[in-house]
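To keep things clear, I will list the structure first and then write my remarks on it.
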Amino acid sequence: MPDIFISDKKEELLEKPTEILEHPPTGKARHKLPGHRHNPLAAFCYYPDGINFETKDKKEKVVLLLRKHPITNIPWIIIAIVMLFAPAVLGSFPILSFLPESFQFVAVIGWYLITTAFILENFLSWFFNVNILTDERAVDIDFHNLIYKEVSDTKIENIQDVTYKMGGVIRTIFNYGDLHIQTAAEQREFDFLAIPKPDRVAKILQDLLTEEEQEKIEGRVR
Amino acid sequence: MEFFQIIGLDIWLVAKYLAIFALVIYAIFAWVVLRQIQLMTDTLEVGFETPVRLLGIFHLLFALGTLGLAFVIL
């Protein structure tokens with residue numbers, strides 16, 4: 001009789017992250033993990049390669065790298081496209097006709113300069129605002145604007161409550177949502193906003209917590 | 001317009017210096033962006049640092065190029 005259902009081994013692995021956490025994959029084994037990406041622009045990367053951040057310990061292993069879901073970039077991308085085509089469209093209307101030609105030319109170049117800055121700022125903001133889960137900590141890196149940086153972290157053992165929320169049509173279709181972490185540390189709450197697969201992140205976080213408790217019981221201290 | 005004529009100033013010369021002043025401020029902003037990219041890549045390394053830095057350098061060169069162009073053609 002033919003098999004009716006054959007489970008996907010990759011999915012199975014992601015459902016049992018505790019096993020992975022106990023024996024972290026190395027070398028090529030890591031590349032076979034579900035959710036492991038080589039794309040540096042990936043929003044969900046399980047056991048990413050070559051990740052380093054300012055406060056990372058040498059022995060610390062990065063389990064998960066998260067960014068906002070790429071779909072959240074659509075609004076600013078649309079605005080950028082409109083800005084790119086605006087001079088061509090507005091060229092039909094004599095808005096700048098009172099200016100000499102040289103001023104009109106510099107005005108258009110200046111407009112593209114502002115458009116470049118707009119695209120760059122939004123891209124950098126998406127790219128560098130990340131959430132990282134390591135085997136020891138949850139790290140939240142935020143760049144609020146050009147000159148303000150906030151890096152906060154909490155030990156896994158301080159995590160008391162993990163809640164994730166998914167609501168709305170777009171979020172359901174693209175499977176992303178918010179994850180709220182409550183801790184016993186000084187900073188009471190951590191918010192991972194608009195992250196892909198929040199259910200899986202919550203599961204991985206729970207498994208990290210279990211692993212940490214197991215380490216305590218067995219007296220394995222890192 | 002009349003005010004500028006009374007004090008003997010060419011309005012387009014004033015406009016030129018205002019435009020150049022704005023572009024100098026913008027070039028400083030572009031440099032700050034490049035510096036910020038440096039800080040961001042120091043904070044987080046994900047293996048995409050070179051293209052991001054190149055974007056920042058391109059933006060700064062674009063700003064300086066526009067400033068130079070404004071000097072020449074205005």
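The chains in the structure tokens are called A, B, ... from first to last as shown; in each chain the residues are counted from 1, and the ligands are counted from 1 in the order shown.
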
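Contacts from chain B to chain A at a cut-off of 6 Å (only C-alpha atoms) map to B:Thr43, B:Leu44, B:Glu45, B:Val46, B:Leu74.
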
Looking only at the backbone, which of the residues in stretch 13-192 of chain A does DSSP tag as helix (DSSP H, G or I), as a ChimeraX atom specification? /A:13-15,17-22,27-31,70-90,101-128,156-158,169-174

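Going from atom CA of A:Asp135 to atom CA of A:Ile156 covers 7.8 Å.
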
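Neighbouring residues of B:Phe58 at 10 Å or closer, counting only C-alpha atoms and skipping chain neighbours under 6 positions away, are Thr116 of chain A; Ala30, Leu34, Val52 and Leu64 of chain B.
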
Nearest to A:Ile81 among A:Gln214, A:Thr115, A:Ser152, A:Ser97, with distances taken over only C-alpha atoms: which residue is it? A:Thr115

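Closest approach to A:Ala138 among A:Leu96, A:Met166, A:Ala80, A:Ile181 is made by A:Ile181 (distances from only C-alpha atoms).
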
Between atom CA of A:Tyr176 and atom CA of A:Ile159, what is the distance in Å, rounded to a tenth? 21.8 Å

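The space separating atom CA of A:Asn131 from atom CA of A:Lys216 comes to 25.1 Å.
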
If you run DSSP over the backbone, which residues in stretch 35-197 of chain A end up strand (DSSP E)? Put them as number ranges by chain. A: 44-46, 52-53, 62-66, 130-134, 137-145, 148-155, 159-165, 176-183, 189-196
